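Pasted below: run_13.pdb, PDB, C-alpha atoms.
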ATOM      1  CA  MET A 217      27.459 -12.955  30.520
ATOM      2  CA  LYS A 218      26.061 -15.316  33.128
ATOM      3  CA  LYS A 219      23.589 -17.309  31.045
ATOM      4  CA  ALA A 220      22.614 -17.848  27.418
ATOM      5  CA  ILE A 221      20.982 -20.505  25.257
ATOM      6  CA  LEU A 222      20.109 -21.270  21.631
ATOM      7  CA  ALA A 223      16.490 -21.597  20.560
ATOM      8  CA  THR A 224      14.245 -21.830  17.531
ATOM      9  CA  LYS A 225      11.200 -19.659  16.998
ATOM     10  CA  VAL A 226       7.933 -21.596  17.173
ATOM     11  CA  GLY A 227       5.520 -18.714  16.655
ATOM     12  CA  MET A 228       3.340 -16.236  18.545
ATOM     13  CA  THR A 229       0.328 -16.682  20.790
ATOM     14  CA  GLN A 230      -1.282 -15.008  23.771
ATOM     15  CA  ILE A 231      -1.648 -15.951  27.417
ATOM     16  CA  PHE A 232      -3.607 -14.608  30.369
ATOM     17  CA  GLY A 233      -1.831 -13.620  33.562
ATOM     18  CA  GLU A 234      -3.060 -14.129  37.101
ATOM     19  CA  ASP A 235      -4.581 -10.650  37.032
ATOM     20  CA  GLY A 236      -6.558 -11.528  33.901
ATOM     21  CA  ARG A 237      -4.527  -9.351  31.547
ATOM     22  CA  LEU A 238      -3.803 -10.689  28.080
ATOM     23  CA  THR A 239      -0.134 -10.728  27.053
ATOM     24  CA  PRO A 240       1.125 -11.409  23.494
ATOM     25  CA  VAL A 241       4.107 -13.766  23.646
ATOM     26  CA  THR A 242       6.609 -15.400  21.320
ATOM     27  CA  VAL A 243       7.133 -19.123  21.927
ATOM     28  CA  LEU A 244      10.768 -20.278  21.699
ATOM     29  CA  LEU A 245      11.951 -23.888  21.742
ATOM     30  CA  ALA A 246      15.116 -23.437  23.802
ATOM     31  CA  GLY A 247      17.665 -26.224  24.068
ATOM     32  CA  PRO A 248      18.745 -28.557  25.343
ATOM     33  CA  CYS A 249      22.157 -27.371  24.133
ATOM     34  CA  VAL A 250      25.046 -29.817  24.482
ATOM     35  CA  VAL A 251      28.504 -28.475  25.351
ATOM     36  CA  THR A 252      30.802 -29.790  22.595
ATOM     37  CA  GLN A 253      33.972 -27.842  23.431
ATOM     38  CA  VAL A 254      35.315 -25.717  26.281
ATOM     39  CA  LYS A 255      37.583 -22.819  25.270
ATOM     40  CA  THR A 256      40.128 -21.784  27.915
ATOM     41  CA  VAL A 257      42.427 -18.783  28.234
ATOM     42  CA  GLU A 258      45.484 -21.037  28.383
ATOM     43  CA  ASN A 259      44.732 -22.934  25.174
ATOM     44  CA  ASP A 260      42.634 -20.533  23.120
ATOM     45  CA  GLY A 261      43.272 -17.083  24.570
ATOM     46  CA  TYR A 262      39.689 -16.575  25.705
ATOM     47  CA  SER A 263      37.017 -18.277  27.773
ATOM     48  CA  ALA A 264      33.876 -19.653  26.107
ATOM     49  CA  VAL A 265      31.869 -22.803  25.463
ATOM     50  CA  GLN A 266      30.894 -24.232  22.102
ATOM     51  CA  VAL A 267      27.381 -25.642  22.162
ATOM     52  CA  GLY A 268      25.404 -27.724  19.686
ATOM     53  CA  PHE A 269      21.669 -27.415  19.155
ATOM     54  CA  GLY A 270      19.162 -29.205  16.930
ATOM     55  CA  GLU A 271      19.458 -32.521  15.142
ATOM     56  CA  LYS A 272      21.281 -33.125  11.869
ATOM     57  CA  ARG A 273      21.670 -36.171   9.618
ATOM     58  CA  GLU A 274      24.984 -37.976  10.019
ATOM     59  CA  ASN A 275      25.657 -38.084   6.259
ATOM     60  CA  LEU A 276      25.719 -34.257   6.206
ATOM     61  CA  VAL A 277      28.532 -34.016   8.771
ATOM     62  CA  ASN A 278      32.227 -33.963   7.794
ATOM     63  CA  LYS A 279      34.937 -35.975   9.530
ATOM     64  CA  CYS A 280      36.180 -33.033  11.633
ATOM     65  CA  GLN A 281      32.733 -32.368  13.060
ATOM     66  CA  LYS A 282      32.133 -36.070  13.675
ATOM     67  CA  GLY A 283      35.217 -36.069  15.903
ATOM     68  CA  ILE A 284      33.834 -33.134  17.904
ATOM     69  CA  TYR A 285      30.504 -34.883  18.462
ATOM     70  CA  ALA A 286      32.208 -38.186  19.325
ATOM     71  CA  LYS A 287      34.263 -36.531  22.088
ATOM     72  CA  ALA A 288      31.130 -34.893  23.461
ATOM     73  CA  GLY A 289      29.239 -38.199  23.284
ATOM     74  CA  THR A 290      26.325 -36.719  21.379
ATOM     75  CA  THR A 291      24.657 -36.939  17.988
ATOM     76  CA  ALA A 292      25.268 -34.534  15.104
ATOM     77  CA  LYS A 293      23.881 -31.063  15.712
ATOM     78  CA  ARG A 294      22.442 -28.600  13.220
ATOM     79  CA  TYR A 295      23.886 -25.496  14.873
ATOM     80  CA  LEU A 296      27.271 -24.917  16.514
ATOM     81  CA  ARG A 297      27.754 -21.619  18.332
ATOM     82  CA  GLU A 298      30.098 -20.188  20.959
ATOM     83  CA  LEU A 299      28.767 -18.576  24.119
ATOM     84  CA  LYS A 300      31.108 -16.454  26.259
ATOM     85  CA  LEU A 301      29.761 -17.390  29.669
ATOM     86  CA  ASP A 302      31.352 -16.278  32.933
ATOM     87  CA  ASP A 303      31.576 -19.853  34.218
ATOM     88  CA  ALA A 304      32.627 -21.358  30.887
ATOM     89  CA  GLU A 305      35.828 -22.963  32.184
ATOM     90  CA  THR A 306      33.947 -24.747  34.963
ATOM     91  CA  MET A 307      31.619 -26.510  32.506
ATOM     92  CA  THR A 308      32.362 -29.988  31.157
ATOM     93  CA  VAL A 309      32.088 -31.406  27.650
ATOM     94  CA  GLY A 310      28.843 -33.319  27.236
ATOM     95  CA  SER A 311      26.871 -31.312  29.821
ATOM     96  CA  GLU A 312      23.598 -29.688  28.807
ATOM     97  CA  ILE A 313      22.189 -26.171  29.008
ATOM     98  CA  LYS A 314      18.419 -26.316  29.331
ATOM     99  CA  ALA A 315      15.585 -23.801  29.265
ATOM    100  CA  ASP A 316      15.406 -23.669  33.062
ATOM    101  CA  VAL A 317      18.524 -21.460  33.173
ATOM    102  CA  PHE A 318      15.989 -18.649  32.681
ATOM    103  CA  ALA A 319      12.993 -17.915  34.875
ATOM    104  CA  ALA A 320       9.855 -15.815  34.624
ATOM    105  CA  GLY A 321      10.668 -12.135  35.032
ATOM    106  CA  ASP A 322      14.195 -12.327  33.599
ATOM    107  CA  LYS A 323      15.285  -9.673  31.120
ATOM    108  CA  ILE A 324      16.924 -11.021  27.942
ATOM    109  CA  ASP A 325      18.393  -9.915  24.615
ATOM    110  CA  ALA A 326      17.262 -11.889  21.560
ATOM    111  CA  THR A 327      19.423 -12.035  18.410
ATOM    112  CA  ALA A 328      18.303 -13.523  15.083
ATOM    113  CA  ILE A 329      18.328 -13.005  11.319
ATOM    114  CA  SER A 330      15.294 -10.941  10.349
ATOM    115  CA  LYS A 331      12.818 -11.956   7.670
ATOM    116  CA  GLY A 332      14.030 -11.285   4.143
ATOM    117  CA  LYS A 333      11.767  -8.953   2.154
ATOM    118  CA  GLY A 334      13.653  -9.050  -1.142
ATOM    119  CA  PHE A 335      14.062  -5.917  -3.267
ATOM    120  CA  ALA A 336      11.958  -3.109  -1.797
ATOM    121  CA  GLY A 337      11.319   0.504  -2.698
ATOM    122  CA  ALA A 338      12.371   3.475  -0.597
ATOM    123  CA  ILE A 339       8.889   3.943   0.882
ATOM    124  CA  LYS A 340       8.659   0.390   2.214
ATOM    125  CA  ARG A 341      12.347   0.094   3.075
ATOM    126  CA  HIS A 342      12.922   3.466   4.768
ATOM    127  CA  GLY A 343       9.452   4.873   5.363
ATOM    128  CA  LEU A 344       9.820   7.857   3.021
ATOM    129  CA  HIS A 345       6.812   9.978   2.092
ATOM    130  CA  ARG A 346       5.072   9.421  -1.217
ATOM    131  CA  GLY A 347       4.275  12.091  -3.759
ATOM    132  CA  PRO A 348       0.833  13.420  -4.740
ATOM    133  CA  MET A 349      -1.550  10.727  -6.019
ATOM    134  CA  ALA A 350      -3.375  13.045  -8.442
ATOM    135  CA  HIS A 351      -3.592  12.044 -12.116
ATOM    136  CA  GLY A 352      -1.394  14.893 -13.282
ATOM    137  CA  SER A 353       1.419  13.972 -10.940
ATOM    138  CA  LYS A 354       4.078  11.632 -12.286
ATOM    139  CA  TYR A 355       5.742  11.400  -8.863
ATOM    140  CA  HIS A 356       4.050   8.829  -6.638
ATOM    141  CA  ARG A 357       6.391   6.357  -4.928
ATOM    142  CA  HIS A 358       9.775   7.587  -6.122
ATOM    143  CA  ALA A 359      12.444   8.292  -3.527
ATOM    144  CA  GLY A 360      12.911  11.880  -4.707
ATOM    145  CA  SER A 361      16.138  13.634  -5.641
ATOM    146  CA  ASN A 362      19.368  11.703  -5.120
ATOM    147  CA  GLY A 363      21.565  14.804  -5.168
ATOM    148  CA  ALA A 364      22.532  17.954  -7.097
ATOM    149  CA  CYS A 365      23.834  17.502 -10.651
ATOM    150  CA  SER A 366      26.778  19.941 -10.833
ATOM    151  CA  ASP A 367      27.941  20.118  -7.233
ATOM    152  CA  PRO A 368      28.851  17.668  -5.730
ATOM    153  CA  SER A 369      27.999  15.620  -8.866
ATOM    154  CA  LYS A 370      27.631  12.377  -6.957
ATOM    155  CA  VAL A 371      25.327  10.422  -4.664
ATOM    156  CA  PHE A 372      26.589  10.397  -1.078
ATOM    157  CA  LYS A 373      27.152   7.110   0.692
ATOM    158  CA  GLY A 374      24.296   6.183   2.988
ATOM    159  CA  LYS A 375      21.636   7.758   0.768
ATOM    160  CA  ARG A 376      18.334   6.041   1.486
ATOM    161  CA  MET A 377      17.344   4.316  -1.737
ATOM    162  CA  ALA A 378      15.576   1.196  -2.958
ATOM    163  CA  GLY A 379      17.404  -2.083  -2.433
ATOM    164  CA  HIS A 380      17.587  -5.369  -0.552
ATOM    165  CA  MET A 381      15.461  -5.290   2.601
ATOM    166  CA  GLY A 382      15.677  -7.572   5.617
ATOM    167  CA  SER A 383      17.747 -10.732   6.160
ATOM    168  CA  VAL A 384      20.140  -8.970   8.557
ATOM    169  CA  LYS A 385      21.178  -9.727  12.145
ATOM    170  CA  ILE A 386      18.943  -7.925  14.628
ATOM    171  CA  THR A 387      19.117  -7.786  18.421
ATOM    172  CA  ILE A 388      16.132  -6.699  20.502
ATOM    173  CA  GLN A 389      17.105  -5.784  24.044
ATOM    174  CA  ASN A 390      15.322  -5.948  27.388
ATOM    175  CA  LEU A 391      12.634  -8.454  26.465
ATOM    176  CA  GLU A 392      10.828 -10.040  29.391
ATOM    177  CA  VAL A 393      10.490 -13.781  29.996
ATOM    178  CA  VAL A 394       6.855 -14.410  30.885
ATOM    179  CA  ARG A 395       6.879 -18.169  31.442
ATOM    180  CA  VAL A 396       9.302 -21.108  31.260
ATOM    181  CA  ASP A 397       8.229 -24.717  30.667
ATOM    182  CA  ALA A 398      11.269 -26.806  31.595
ATOM    183  CA  ASP A 399       9.604 -30.110  30.674
ATOM    184  CA  GLU A 400       8.870 -29.014  27.096
ATOM    185  CA  ASN A 401      11.955 -26.742  26.806
ATOM    186  CA  LEU A 402       9.773 -23.738  26.016
ATOM    187  CA  ILE A 403      10.422 -20.093  26.850
ATOM    188  CA  LEU A 404       7.609 -17.572  26.407
ATOM    189  CA  VAL A 405       8.857 -14.039  25.755
ATOM    190  CA  LYS A 406       6.665 -10.949  25.932
ATOM    191  CA  GLY A 407       6.279  -9.243  22.565
ATOM    192  CA  SER A 408       7.903 -10.052  19.241
ATOM    193  CA  VAL A 409      11.274 -11.634  18.521
ATOM    194  CA  PRO A 410      13.147 -11.148  15.215
ATOM    195  CA  GLY A 411      13.296 -13.931  12.656
ATOM    196  CA  ALA A 412      10.937 -16.229  10.809
ATOM    197  CA  LYS A 413       9.414 -19.391  12.235
ATOM    198  CA  LYS A 414      11.940 -22.213  12.808
ATOM    199  CA  SER A 415      14.830 -19.734  12.617
ATOM    200  CA  LEU A 416      17.693 -19.760  15.124
ATOM    201  CA  VAL A 417      17.461 -17.295  18.016
ATOM    202  CA  THR A 418      20.267 -16.641  20.503
ATOM    203  CA  ILE A 419      18.971 -15.681  23.945
ATOM    204  CA  ARG A 420      21.327 -13.899  26.338
ATOM    205  CA  GLU A 421      21.010 -12.243  29.689
ATOM    206  CA  SER A 422      20.243  -8.571  29.064
ATOM    207  CA  VAL A 423      23.247  -6.245  29.175
ATOM    208  CA  LYS A 424      21.118  -3.214  30.123
ATOM    209  CA  ALA A 425      18.761  -4.728  32.692
TER
END

Can the structure from this file be put into structure tokens for me?
Amino acid sequence: MKKAILATKVGMTQIFGEDGRLTPVTVLLAGPCVVTQVKTVENDGYSAVQVGFGEKRENLVNKCQKGIYAKAGTTAKRYLRELKLDDAETMTVGSEIKADVFAAGDKIDATAISKGKGFAGAIKRHGLHRGPMAHGSKYHRHAGSNGACSDPSKVFKGKRMAGHMGSVKITIQNLEVVRVDADENLILVKGSVPGAKKSLVTIRESVKA
């Protein structure tokens, strides 16, 4: 992986291109991310960088984390994540990764925790068909049969049923960067990005581009 950055989701809007076409975009506040640790093959067995993003109150940080931030010469950060970059071992503690690592036209993969929907029925959760809506029918939004009674006398694992929906890690691949504002640390991505507003989004160079 050549480049990656942490961002928070601002929201969605729309912009007009030079040809006059309207494009729906997701606005991401990306970085600056401060390098707090450099992982090397000799010391840690793998190559990566630990980066901090977002501000956090000092009284919410434990002594171990305060030592990490002191060595990096930065303030307390809300998020700490590791990025396995190709040039990780060449980076220095205290350096910054900014939004300008990406440019318009780049293909990226966006990873975030999706919106939580709570307890949902099988129709909303899995898109199952509903039953007849006539008055005589007592089968409207039920999931249907869960299995035969005598053989095999059980419900198979993976059966699509009602339950907790959302709040899972989702990665959307091959999204296109439409515009980058380096001064405001903004990245505009074509289409939708998983997660609620203000949620953490990890942006990586696309693996399938």

Of the listed residues A:Lys414, A:Lys406, A:Lys424, A:His356, that which approaches Thr229 (chain A) most closely, counting all atoms listed in the file: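 Using all atoms listed in the file, Thr229 (chain A) sits closest to A:Lys406.
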
Shell around Asp303 (chain A) at 12 Å using only C-alpha atoms, local window under 4 positions removed, as a JSON list (two decimals) with C-alpha atoms, keeping the file's coordinate frame:
[["chain", "number", "residue", "atom", "x", "y", "z"],
["A", 217, "MET", "CA", 27.46, -12.96, 30.52],
["A", 218, "LYS", "CA", 26.06, -15.32, 33.13],
["A", 219, "LYS", "CA", 23.59, -17.31, 31.04],
["A", 220, "ALA", "CA", 22.61, -17.85, 27.42],
["A", 254, "VAL", "CA", 35.32, -25.72, 26.28],
["A", 255, "LYS", "CA", 37.58, -22.82, 25.27],
["A", 256, "THR", "CA", 40.13, -21.78, 27.92],
["A", 263, "SER", "CA", 37.02, -18.28, 27.77],
["A", 264, "ALA", "CA", 33.88, -19.65, 26.11],
["A", 265, "VAL", "CA", 31.87, -22.80, 25.46],
["A", 299, "LEU", "CA", 28.77, -18.58, 24.12],
["A", 307, "MET", "CA", 31.62, -26.51, 32.51],
["A", 308, "THR", "CA", 32.36, -29.99, 31.16]]

* To do: Determine the residue set returned by the PyMOL selection byres ((chain A and resi 390) around 9) for the present structure, and present it as JSON, numbers by chain.
  => {"A": [322, 323, 324, 325, 326, 388, 389, 391, 392, 421, 422, 423, 424, 425]}

Taking the file above as input, evaluate the PyMOL selection byres ((chain A and resi 231-241) around 10) and report the hits as a PyMOL selection string. chain A and resi 227-230+242-244+392-395+403-409

*Take CA of Val277 (chain A) and CA of Leu222 (chain A) and report the distance between them in Å, one decimal.*
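Pair CA of Val277 (chain A) / CA of Leu222 (chain A) returns 20.0 Å.
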
Item to check | Shell around Leu416 (chain A) at 8 Å using only C-alpha atoms, local window under 5 positions removed, as a list in words | outcome: Leu222, Ala223, Thr224, Lys225, Ala328, Ile329 and Gly411 of chain A

Using all atoms listed in the file, the shortest atom-to-atom distance to Gln281 (chain A) among A:Ala315, A:His380, A:Phe269, A:Leu296 belongs to A:Leu296

Expressed in Å, the length from CA of Leu301 (chain A) to CA of Cys280 (chain A) is 24.7 Å
